[in-house]
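K.L.:
For reference, this is run.cif, and it has mmCIF, C-alpha atoms.
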```cif
data_model
loop_
_atom_site.group_PDB
_atom_site.id
_atom_site.type_symbol
_atom_site.label_atom_id
_atom_site.label_comp_id
_atom_site.auth_asym_id
_atom_site.auth_seq_id
_atom_site.Cartn_x
_atom_site.Cartn_y
_atom_site.Cartn_z
ATOM 1 C CA GLN Z 1 0.000 0.000 0.000
ATOM 2 C CA VAL Z 2 1.335 3.416 -0.973
ATOM 3 C CA GLN Z 3 1.430 6.105 1.704
ATOM 4 C CA LEU Z 4 0.840 9.661 0.477
ATOM 5 C CA VAL Z 5 1.535 12.908 2.316
ATOM 6 C CA GLU Z 6 0.343 16.227 0.922
ATOM 7 C CA SER Z 7 1.887 19.566 1.811
ATOM 8 C CA GLY Z 8 1.934 23.161 0.606
ATOM 9 C CA GLY Z 9 -1.584 24.234 1.445
ATOM 10 C CA GLY Z 10 -2.376 27.463 3.230
ATOM 11 C CA LEU Z 11 -4.171 30.787 3.133
ATOM 12 C CA VAL Z 12 -3.724 32.972 0.060
ATOM 13 C CA GLN Z 13 -5.479 35.979 -1.411
ATOM 14 C CA ALA Z 14 -7.463 35.715 -4.608
ATOM 15 C CA GLY Z 15 -5.146 35.914 -7.601
ATOM 16 C CA GLY Z 16 -2.292 34.338 -5.681
ATOM 17 C CA SER Z 17 -0.481 31.036 -6.151
ATOM 18 C CA LEU Z 18 0.302 27.897 -4.199
ATOM 19 C CA ARG Z 19 2.245 24.751 -5.024
ATOM 20 C CA LEU Z 20 1.053 21.514 -3.496
ATOM 21 C CA SER Z 21 3.327 18.509 -3.140
ATOM 22 C CA CYS Z 22 2.442 14.849 -2.682
ATOM 23 C CA ALA Z 23 5.273 12.695 -1.370
ATOM 24 C CA ALA Z 24 4.795 8.961 -1.779
ATOM 25 C CA SER Z 25 6.377 6.114 0.102
ATOM 26 C CA GLY Z 26 6.022 2.965 -1.885
ATOM 27 C CA ARG Z 27 5.899 2.386 -5.586
ATOM 28 C CA THR Z 28 4.092 4.915 -7.753
ATOM 29 C CA PHE Z 29 6.079 4.331 -10.936
ATOM 30 C CA GLY Z 30 3.697 2.813 -13.463
ATOM 31 C CA TYR Z 31 0.619 4.411 -11.913
ATOM 32 C CA ALA Z 32 -1.195 7.614 -12.767
ATOM 33 C CA MET Z 33 -1.498 10.159 -9.973
ATOM 34 C CA GLY Z 34 -4.262 12.610 -9.391
ATOM 35 C CA TRP Z 35 -5.494 15.491 -7.293
ATOM 36 C CA PHE Z 36 -9.021 15.836 -5.989
ATOM 37 C CA ARG Z 37 -10.608 18.443 -3.742
ATOM 38 C CA GLN Z 38 -13.509 18.621 -1.362
ATOM 39 C CA ALA Z 39 -15.173 21.828 -0.232
ATOM 40 C CA PRO Z 40 -17.408 21.930 2.869
ATOM 41 C CA GLY Z 41 -20.761 20.329 2.165
ATOM 42 C CA LYS Z 42 -19.740 19.171 -1.293
ATOM 43 C CA GLU Z 43 -18.654 15.925 -2.918
ATOM 44 C CA ARG Z 44 -14.996 15.231 -3.531
ATOM 45 C CA GLU Z 45 -14.270 16.273 -7.116
ATOM 46 C CA PHE Z 46 -11.583 15.569 -9.669
ATOM 47 C CA VAL Z 47 -9.052 18.350 -10.216
ATOM 48 C CA ALA Z 48 -6.174 16.963 -12.274
ATOM 49 C CA ALA Z 49 -4.328 13.775 -13.193
ATOM 50 C CA ILE Z 50 -1.077 12.787 -14.829
ATOM 51 C CA THR Z 51 -0.279 9.468 -16.488
ATOM 52 C CA TRP Z 52 2.354 7.093 -15.146
ATOM 53 C CA ASN Z 53 5.093 8.439 -17.419
ATOM 54 C CA GLY Z 54 4.043 12.079 -17.213
ATOM 55 C CA GLY Z 55 3.198 12.060 -20.890
ATOM 56 C CA SER Z 56 -0.388 13.221 -20.576
ATOM 57 C CA THR Z 57 -2.268 15.467 -18.188
ATOM 58 C CA TYR Z 58 -5.978 15.994 -17.592
ATOM 59 C CA TYR Z 59 -7.825 18.802 -15.852
ATOM 60 C CA ALA Z 60 -11.276 19.695 -14.654
ATOM 61 C CA ASP Z 61 -12.725 22.541 -16.700
ATOM 62 C CA SER Z 62 -12.846 24.723 -13.592
ATOM 63 C CA VAL Z 63 -9.049 24.724 -13.227
ATOM 64 C CA LYS Z 64 -7.878 24.378 -16.819
ATOM 65 C CA GLY Z 65 -5.367 27.076 -17.712
ATOM 66 C CA ARG Z 66 -4.724 27.936 -14.048
ATOM 67 C CA PHE Z 67 -3.463 24.682 -12.500
ATOM 68 C CA THR Z 68 -0.600 22.470 -13.660
ATOM 69 C CA ILE Z 69 0.043 18.918 -12.499
ATOM 70 C CA SER Z 70 3.487 17.363 -12.723
ATOM 71 C CA ARG Z 71 5.439 14.492 -11.238
ATOM 72 C CA ASP Z 72 9.010 13.525 -10.490
ATOM 73 C CA ASN Z 73 9.345 9.749 -10.595
ATOM 74 C CA VAL Z 74 12.859 9.881 -9.147
ATOM 75 C CA LYS Z 75 11.627 11.760 -6.075
ATOM 76 C CA ASN Z 76 8.359 9.776 -6.030
ATOM 77 C CA THR Z 77 6.470 13.072 -5.753
ATOM 78 C CA ALA Z 78 3.582 14.728 -7.557
ATOM 79 C CA TYR Z 79 2.909 18.454 -7.649
ATOM 80 C CA LEU Z 80 0.004 20.766 -8.300
ATOM 81 C CA GLN Z 81 0.912 24.329 -9.217
ATOM 82 C CA MET Z 82 -2.113 26.540 -8.654
ATOM 83 C CA ASN Z 83 -2.134 30.046 -10.109
ATOM 84 C CA SER Z 84 -4.789 32.761 -10.299
ATOM 85 C CA LEU Z 85 -6.547 31.235 -7.325
ATOM 86 C CA LYS Z 86 -10.183 32.056 -6.709
ATOM 87 C CA PRO Z 87 -12.280 31.862 -3.528
ATOM 88 C CA GLU Z 88 -14.163 28.933 -5.077
ATOM 89 C CA ASP Z 89 -10.891 26.956 -5.106
ATOM 90 C CA THR Z 90 -11.103 26.794 -1.304
ATOM 91 C CA ALA Z 91 -11.152 23.120 -0.294
ATOM 92 C CA VAL Z 92 -9.161 20.278 1.157
ATOM 93 C CA TYR Z 93 -6.938 18.931 -1.606
ATOM 94 C CA TYR Z 94 -6.168 15.219 -1.775
ATOM 95 C CA CYS Z 95 -3.512 13.340 -3.686
ATOM 96 C CA ALA Z 96 -4.275 9.849 -4.992
ATOM 97 C CA VAL Z 97 -2.727 6.990 -6.941
ATOM 98 C CA ASP Z 98 -4.520 5.090 -9.718
ATOM 99 C CA ARG Z 99 -5.454 1.486 -8.982
ATOM 100 C CA ARG Z 100 -4.455 0.328 -12.462
ATOM 101 C CA PRO Z 101 -0.832 -0.050 -13.573
ATOM 102 C CA PHE Z 102 0.208 1.504 -16.893
ATOM 103 C CA ALA Z 103 -3.331 2.648 -17.603
ATOM 104 C CA SER Z 104 -4.115 5.011 -20.449
ATOM 105 C CA GLY Z 105 -5.178 8.460 -19.395
ATOM 106 C CA SER Z 106 -8.785 9.577 -19.297
ATOM 107 C CA TYR Z 107 -10.800 12.759 -19.366
ATOM 108 C CA TYR Z 108 -13.285 11.004 -17.089
ATOM 109 C CA TYR Z 109 -11.373 10.087 -13.952
ATOM 110 C CA THR Z 110 -13.507 9.322 -10.918
ATOM 111 C CA ARG Z 111 -12.733 8.600 -7.290
ATOM 112 C CA ASP Z 112 -13.168 4.882 -7.956
ATOM 113 C CA ASP Z 113 -10.162 4.896 -10.296
ATOM 114 C CA PHE Z 114 -7.855 5.688 -7.378
ATOM 115 C CA GLY Z 115 -6.935 3.304 -4.597
ATOM 116 C CA SER Z 116 -4.494 5.146 -2.331
ATOM 117 C CA TRP Z 117 -5.242 8.544 -0.828
ATOM 118 C CA GLY Z 118 -3.440 11.091 1.289
ATOM 119 C CA GLN Z 119 -4.884 12.863 4.320
ATOM 120 C CA GLY Z 120 -5.349 16.119 2.467
ATOM 121 C CA THR Z 121 -4.084 19.668 2.768
ATOM 122 C CA GLN Z 122 -6.288 22.720 3.299
ATOM 123 C CA VAL Z 123 -6.281 25.499 0.718
ATOM 124 C CA THR Z 124 -8.138 28.691 1.612
ATOM 125 C CA VAL Z 125 -8.460 31.555 -0.852
ATOM 126 C CA SER Z 126 -9.685 34.845 0.542
ATOM 127 C CA SER Z 127 -11.493 37.420 -1.580
#
```
In structure tokens, write the structure found in this file.

P.N.:
Amino acid sequence: QVQLVESGGGLVQAGGSLRLSCAASGRTFGYAMGWFRQAPGKEREFVAAITWNGGSTYYADSVKGRFTISRDNVKNTAYLQMNSLKPEDTAVYYCAVDRRPFASGSYYYTRDDFGSWGQGTQVTVSS
């Protein structure tokens, strides 16, 4: 079982930036990684994903053009660079690892595609 630890969350003003990190212990090479978020009173939603080799990335429409997902397979770490943050980006952000090895990417990732999850990191964007 992969252990994931997110970091980099915090309080930022609208228009600002944050970079989230997801450090993994255990094998993530060969598996896509993703970021989800959950705002108070809402379902956990897909934010971004990156394929096992970093060759393809996928984003929710709400963050496209503002967020960038990346990974470093040597460091066993995934990142989420968040720019032009908006108050509606406020949520707990979770990192996750795909259940399926060497899977093709998808524009339709769901929570069920991911089997290992971190504890989350809070992102708060003030207006």

K.L.:
Using all atoms listed in the file, determine which residues lie at most 12 Å from Z:Phe67, disregarding the query and same-chain residues fewer than 2 positions distant; provide the list as JSON, numbers by chain.

P.N.:
{"Z": [16, 17, 18, 19, 20, 35, 47, 48, 49, 57, 58, 59, 60, 61, 62, 63, 64, 65, 69, 70, 79, 80, 81, 82, 83, 84, 85, 86, 89]}

K.L.:
With distances taken over all atoms listed in the file, which of Z:Asp72, Z:Asn53, Z:Glu45, Z:Ala91 is nearest to Z:Tyr108?

P.N.:
Z:Glu45

K.L.:
Rounded to one decimal, what separation in Å do you get between atom CA of Z:Gly115 and atom CA of Z:Glu88?

P.N.:
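Atom-to-atom, atom CA of Z:Gly115 to atom CA of Z:Glu88, that is 26.6 Å.
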
K.L.:
Excluding Z:Gly9 and residues on its chain fewer than 5 positions from it, collect all residues at most 6 Å away from it, counting only C-alpha atoms, and give them as a ChimeraX atom specification.

P.N.:
/Z:121-123

K.L.:
Choose the residue, out of Z:Gly34, Z:Gly120, Z:Pro87, Z:Pro40, that has the smallest atom-to-atom separation from Z:Ser106; count only C-alpha atoms.

P.N.:
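Of Z:Gly34, Z:Gly120, Z:Pro87, Z:Pro40, the one nearest Z:Ser106, counting only C-alpha atoms, is Z:Gly34.
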
K.L.:
Given the PyMOL selection byres ((chain Z and resi 29) around 12) and the file above, list the residues it selects as a count of residues only.

P.N.:
29

K.L.:
Some atoms are missing, so please complete stretch 17-49 of chain Z with N, CA and C atoms and return it as a PDB file, in the coordinates of the input.

P.N.:
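So selection.pdb came out as:
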```pdb
ATOM      1  N   SER Z  17      -0.906  32.364  -5.710  1.00  0.00           N
ATOM      2  CA  SER Z  17      -0.481  31.036  -6.151  1.00  0.00           C
ATOM      3  C   SER Z  17      -0.064  30.179  -4.959  1.00  0.00           C
ATOM      4  N   LEU Z  18      -0.203  28.891  -5.140  1.00  0.00           N
ATOM      5  CA  LEU Z  18       0.302  27.897  -4.199  1.00  0.00           C
ATOM      6  C   LEU Z  18       0.807  26.708  -4.989  1.00  0.00           C
ATOM      7  N   ARG Z  19       1.767  25.996  -4.416  1.00  0.00           N
ATOM      8  CA  ARG Z  19       2.245  24.751  -5.024  1.00  0.00           C
ATOM      9  C   ARG Z  19       2.091  23.625  -4.016  1.00  0.00           C
ATOM     10  N   LEU Z  20       1.249  22.680  -4.341  1.00  0.00           N
ATOM     11  CA  LEU Z  20       1.053  21.514  -3.496  1.00  0.00           C
ATOM     12  C   LEU Z  20       2.015  20.409  -3.889  1.00  0.00           C
ATOM     13  N   SER Z  21       2.463  19.670  -2.893  1.00  0.00           N
ATOM     14  CA  SER Z  21       3.327  18.509  -3.140  1.00  0.00           C
ATOM     15  C   SER Z  21       2.674  17.271  -2.552  1.00  0.00           C
ATOM     16  N   CYS Z  22       2.958  16.139  -3.158  1.00  0.00           N
ATOM     17  CA  CYS Z  22       2.442  14.849  -2.682  1.00  0.00           C
ATOM     18  C   CYS Z  22       3.610  13.872  -2.681  1.00  0.00           C
ATOM     19  N   ALA Z  23       4.136  13.604  -1.506  1.00  0.00           N
ATOM     20  CA  ALA Z  23       5.273  12.695  -1.370  1.00  0.00           C
ATOM     21  C   ALA Z  23       4.757  11.287  -1.110  1.00  0.00           C
ATOM     22  N   ALA Z  24       5.255  10.344  -1.890  1.00  0.00           N
ATOM     23  CA  ALA Z  24       4.795   8.961  -1.779  1.00  0.00           C
ATOM     24  C   ALA Z  24       5.888   8.062  -1.222  1.00  0.00           C
ATOM     25  N   SER Z  25       5.485   7.188  -0.342  1.00  0.00           N
ATOM     26  CA  SER Z  25       6.377   6.114   0.102  1.00  0.00           C
ATOM     27  C   SER Z  25       5.783   4.823  -0.427  1.00  0.00           C
ATOM     28  N   GLY Z  26       6.573   4.099  -1.183  1.00  0.00           N
ATOM     29  CA  GLY Z  26       6.022   2.965  -1.885  1.00  0.00           C
ATOM     30  C   GLY Z  26       6.010   3.260  -3.367  1.00  0.00           C
ATOM     31  N   ARG Z  27       5.767   2.235  -4.149  1.00  0.00           N
ATOM     32  CA  ARG Z  27       5.899   2.386  -5.586  1.00  0.00           C
ATOM     33  C   ARG Z  27       4.744   3.158  -6.208  1.00  0.00           C
ATOM     34  N   THR Z  28       5.086   4.217  -6.932  1.00  0.00           N
ATOM     35  CA  THR Z  28       4.092   4.915  -7.753  1.00  0.00           C
ATOM     36  C   THR Z  28       4.463   4.871  -9.222  1.00  0.00           C
ATOM     37  N   PHE Z  29       5.693   4.443  -9.538  1.00  0.00           N
ATOM     38  CA  PHE Z  29       6.079   4.331 -10.936  1.00  0.00           C
ATOM     39  C   PHE Z  29       5.178   3.308 -11.610  1.00  0.00           C
ATOM     40  N   GLY Z  30       4.617   3.691 -12.758  1.00  0.00           N
ATOM     41  CA  GLY Z  30       3.697   2.813 -13.463  1.00  0.00           C
ATOM     42  C   GLY Z  30       2.242   3.126 -13.185  1.00  0.00           C
ATOM     43  N   TYR Z  31       1.987   4.070 -12.279  1.00  0.00           N
ATOM     44  CA  TYR Z  31       0.619   4.411 -11.913  1.00  0.00           C
ATOM     45  C   TYR Z  31       0.357   5.898 -12.117  1.00  0.00           C
ATOM     46  N   ALA Z  32      -0.795   6.216 -12.681  1.00  0.00           N
ATOM     47  CA  ALA Z  32      -1.195   7.614 -12.767  1.00  0.00           C
ATOM     48  C   ALA Z  32      -1.413   8.175 -11.360  1.00  0.00           C
ATOM     49  N   MET Z  33      -1.236   9.481 -11.243  1.00  0.00           N
ATOM     50  CA  MET Z  33      -1.498  10.159  -9.973  1.00  0.00           C
ATOM     51  C   MET Z  33      -2.461  11.291 -10.224  1.00  0.00           C
ATOM     52  N   GLY Z  34      -3.252  11.576  -9.215  1.00  0.00           N
ATOM     53  CA  GLY Z  34      -4.262  12.610  -9.391  1.00  0.00           C
ATOM     54  C   GLY Z  34      -4.429  13.477  -8.165  1.00  0.00           C
ATOM     55  N   TRP Z  35      -5.105  14.590  -8.373  1.00  0.00           N
ATOM     56  CA  TRP Z  35      -5.494  15.491  -7.293  1.00  0.00           C
ATOM     57  C   TRP Z  35      -7.016  15.649  -7.332  1.00  0.00           C
ATOM     58  N   PHE Z  36      -7.604  15.583  -6.165  1.00  0.00           N
ATOM     59  CA  PHE Z  36      -9.021  15.836  -5.989  1.00  0.00           C
ATOM     60  C   PHE Z  36      -9.162  16.921  -4.919  1.00  0.00           C
ATOM     61  N   ARG Z  37     -10.348  17.480  -4.804  1.00  0.00           N
ATOM     62  CA  ARG Z  37     -10.608  18.443  -3.742  1.00  0.00           C
ATOM     63  C   ARG Z  37     -12.018  18.288  -3.233  1.00  0.00           C
ATOM     64  N   GLN Z  38     -12.188  18.693  -1.982  1.00  0.00           N
ATOM     65  CA  GLN Z  38     -13.509  18.621  -1.362  1.00  0.00           C
ATOM     66  C   GLN Z  38     -13.750  19.877  -0.551  1.00  0.00           C
ATOM     67  N   ALA Z  39     -14.765  20.633  -0.952  1.00  0.00           N
ATOM     68  CA  ALA Z  39     -15.173  21.828  -0.232  1.00  0.00           C
ATOM     69  C   ALA Z  39     -16.235  21.437   0.798  1.00  0.00           C
ATOM     70  N   PRO Z  40     -16.418  22.251   1.834  1.00  0.00           N
ATOM     71  CA  PRO Z  40     -17.408  21.930   2.869  1.00  0.00           C
ATOM     72  C   PRO Z  40     -18.795  21.725   2.270  1.00  0.00           C
ATOM     73  N   GLY Z  41     -19.420  20.609   2.636  1.00  0.00           N
ATOM     74  CA  GLY Z  41     -20.761  20.329   2.165  1.00  0.00           C
ATOM     75  C   GLY Z  41     -20.876  19.851   0.740  1.00  0.00           C
ATOM     76  N   LYS Z  42     -19.721  19.609   0.110  1.00  0.00           N
ATOM     77  CA  LYS Z  42     -19.740  19.171  -1.293  1.00  0.00           C
ATOM     78  C   LYS Z  42     -19.045  17.833  -1.455  1.00  0.00           C
ATOM     79  N   GLU Z  43     -19.312  17.188  -2.594  1.00  0.00           N
ATOM     80  CA  GLU Z  43     -18.654  15.925  -2.918  1.00  0.00           C
ATOM     81  C   GLU Z  43     -17.189  16.185  -3.288  1.00  0.00           C
ATOM     82  N   ARG Z  44     -16.387  15.144  -3.087  1.00  0.00           N
ATOM     83  CA  ARG Z  44     -14.996  15.231  -3.531  1.00  0.00           C
ATOM     84  C   ARG Z  44     -14.986  15.207  -5.061  1.00  0.00           C
ATOM     85  N   GLU Z  45     -14.254  16.153  -5.666  1.00  0.00           N
ATOM     86  CA  GLU Z  45     -14.270  16.273  -7.116  1.00  0.00           C
ATOM     87  C   GLU Z  45     -12.872  16.173  -7.712  1.00  0.00           C
ATOM     88  N   PHE Z  46     -12.836  15.685  -8.928  1.00  0.00           N
ATOM     89  CA  PHE Z  46     -11.583  15.569  -9.669  1.00  0.00           C
ATOM     90  C   PHE Z  46     -11.034  16.945 -10.013  1.00  0.00           C
ATOM     91  N   VAL Z  47      -9.724  17.101  -9.863  1.00  0.00           N
ATOM     92  CA  VAL Z  47      -9.052  18.350 -10.216  1.00  0.00           C
ATOM     93  C   VAL Z  47      -8.095  18.144 -11.384  1.00  0.00           C
ATOM     94  N   ALA Z  48      -7.182  17.180 -11.240  1.00  0.00           N
ATOM     95  CA  ALA Z  48      -6.174  16.963 -12.274  1.00  0.00           C
ATOM     96  C   ALA Z  48      -5.570  15.576 -12.126  1.00  0.00           C
ATOM     97  N   ALA Z  49      -5.015  15.065 -13.235  1.00  0.00           N
ATOM     98  CA  ALA Z  49      -4.328  13.775 -13.193  1.00  0.00           C
ATOM     99  C   ALA Z  49      -3.197  13.776 -14.202  1.00  0.00           C
TER     100      ALA Z  49
END
```
